[in-house]
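Below is one structure; the comments refer to it alone.
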Amino acid sequence: LLDSMQNPIIIELEKNKAITSERDLEITILVKLQMFFSQLGEGFALIDNQYKISYNNKNYYIDILLFNYKLNCFFAVELKLRELRKEDKAQIEFYMKLIDEQLKEPIHNKTIGIIISKKQEQCIANFIRSETIIPLTYKIKQ
């Protein structure tokens with residue numbers, strides 16, 4: 001499925017609308033969710049945005065939580081309006097672990113993470129699976 005995803009994925013913005021925060025990017029993706037899903041591939045469904053998950057009496061919020069019924073697994077999506085940092089991979093892996101421990105049923109496959117980070121005028125989608133990062137390029141079209 002990862003091989004069949006469109007690359008680059010284009011996130012179109014409305015005229016004169018700039019993305020100035022991770023929340024702006026999240027809202028843009030949610031408004032254009034059907035187009036975003038069609039570019040990701042088949043079988044995606046939105047579970048929630050700002051999905052709350054708790055660990056050791058502390059709450060964490062996953063920017064966007066998806067489920068793919070074809071892959072039978074959750075996708076945790078984190079948004080960063082800067083270049084990817086090593087701590088971003090650790091953060092998404094932590095969320096993936098919590099999802100696998102708290103939400104995943106025995107019949108589900110392991111969670112996959114996506115970090116969408118910004119580099120110049122592009123957003124890069126980095127797929128995290130185990131120890132692997134698979135980058136795809138997203139272009140922001142204005």
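Residues are named by chain letter and number: chains run A, B, ... in the order of the structure tokens, numbers start at 1 in each chain, and ligands are numbered from 1 in the order shown.
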
Where does DSSP see alpha helix (DSSP H) in segment 42-92 of chain A, if you list the residues as an NGL selection string? :A and (86-92)

What would the file look like if the residues just selected were written as a PDB file, in the first residue's frame with N, CA, C and O atoms?
ATOM      1  N   LYS A  86      15.103  14.417  15.283  1.00  0.00           N
ATOM      2  CA  LYS A  86      15.144  13.045  15.794  1.00  0.00           C
ATOM      3  C   LYS A  86      14.140  12.838  16.922  1.00  0.00           C
ATOM      4  O   LYS A  86      13.581  11.759  17.063  1.00  0.00           O
ATOM      5  N   GLU A  87      13.861  13.874  17.715  1.00  0.00           N
ATOM      6  CA  GLU A  87      12.893  13.716  18.805  1.00  0.00           C
ATOM      7  C   GLU A  87      11.460  13.542  18.286  1.00  0.00           C
ATOM      8  O   GLU A  87      10.598  13.008  18.982  1.00  0.00           O
ATOM      9  N   ASP A  88      11.193  13.975  17.032  1.00  0.00           N
ATOM     10  CA  ASP A  88       9.873  13.771  16.438  1.00  0.00           C
ATOM     11  C   ASP A  88       9.624  12.279  16.218  1.00  0.00           C
ATOM     12  O   ASP A  88       8.526  11.784  16.457  1.00  0.00           O
ATOM     13  N   LYS A  89      10.643  11.572  15.777  1.00  0.00           N
ATOM     14  CA  LYS A  89      10.528  10.123  15.574  1.00  0.00           C
ATOM     15  C   LYS A  89      10.268   9.439  16.917  1.00  0.00           C
ATOM     16  O   LYS A  89       9.417   8.554  17.020  1.00  0.00           O
ATOM     17  N   ALA A  90      10.955   9.876  17.953  1.00  0.00           N
ATOM     18  CA  ALA A  90      10.740   9.298  19.283  1.00  0.00           C
ATOM     19  C   ALA A  90       9.313   9.584  19.773  1.00  0.00           C
ATOM     20  O   ALA A  90       8.667   8.701  20.364  1.00  0.00           O
ATOM     21  N   GLN A  91       8.809  10.787  19.512  1.00  0.00           N
ATOM     22  CA  GLN A  91       7.456  11.144  19.929  1.00  0.00           C
ATOM     23  C   GLN A  91       6.422  10.256  19.232  1.00  0.00           C
ATOM     24  O   GLN A  91       5.547   9.692  19.883  1.00  0.00           O
ATOM     25  N   ILE A  92       6.527  10.106  17.918  1.00  0.00           N
ATOM     26  CA  ILE A  92       5.533   9.313  17.190  1.00  0.00           C
ATOM     27  C   ILE A  92       5.656   7.842  17.564  1.00  0.00           C
ATOM     28  O   ILE A  92       4.649   7.140  17.679  1.00  0.00           O
TER      29      ILE A  92
END

List as number ranges by chain the protein and nucleic acid residues near Asn59 of chain A, meaning an atom at most 12 Å away when only C-alpha atoms are counted, but skip any in the same chain fewer than 5 places from it. A: 50-54, 95, 98

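Between Lys80 of chain A and the candidates A:Leu103, A:Ala45, A:Ile114, A:Leu66, the tightest atom-to-atom separation, counting only C-alpha atoms, involves A:Ile114.
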
Report the distance between atom CA of Glu83 of chain A and atom CA of Ala18 of chain A in Å, rounded to one decimal place.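 Between atom CA of Glu83 of chain A and atom CA of Ala18 of chain A the gap is 17.6 Å.
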
Minimum-distance residue to Thr20 of chain A, chosen among A:Asp48, A:Leu81, A:Asn109, A:Ser38 (using only C-alpha atoms):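 That would be A:Leu81, the residue with the smallest distance to Thr20 of chain A.
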
Skipping near chain neighbours, those fewer than 4 positions away, what residues fall within 9 Å of segment 67-77 of chain A using only C-alpha atoms, listed as a PyMOL selection string? chain A and resi 1+42-47+62-63+92+95-96+99-100+103-104+107-116

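Picture a line from atom CA of Arg23 of chain A to atom CA of Phe36 of chain A; it runs 16.2 Å.
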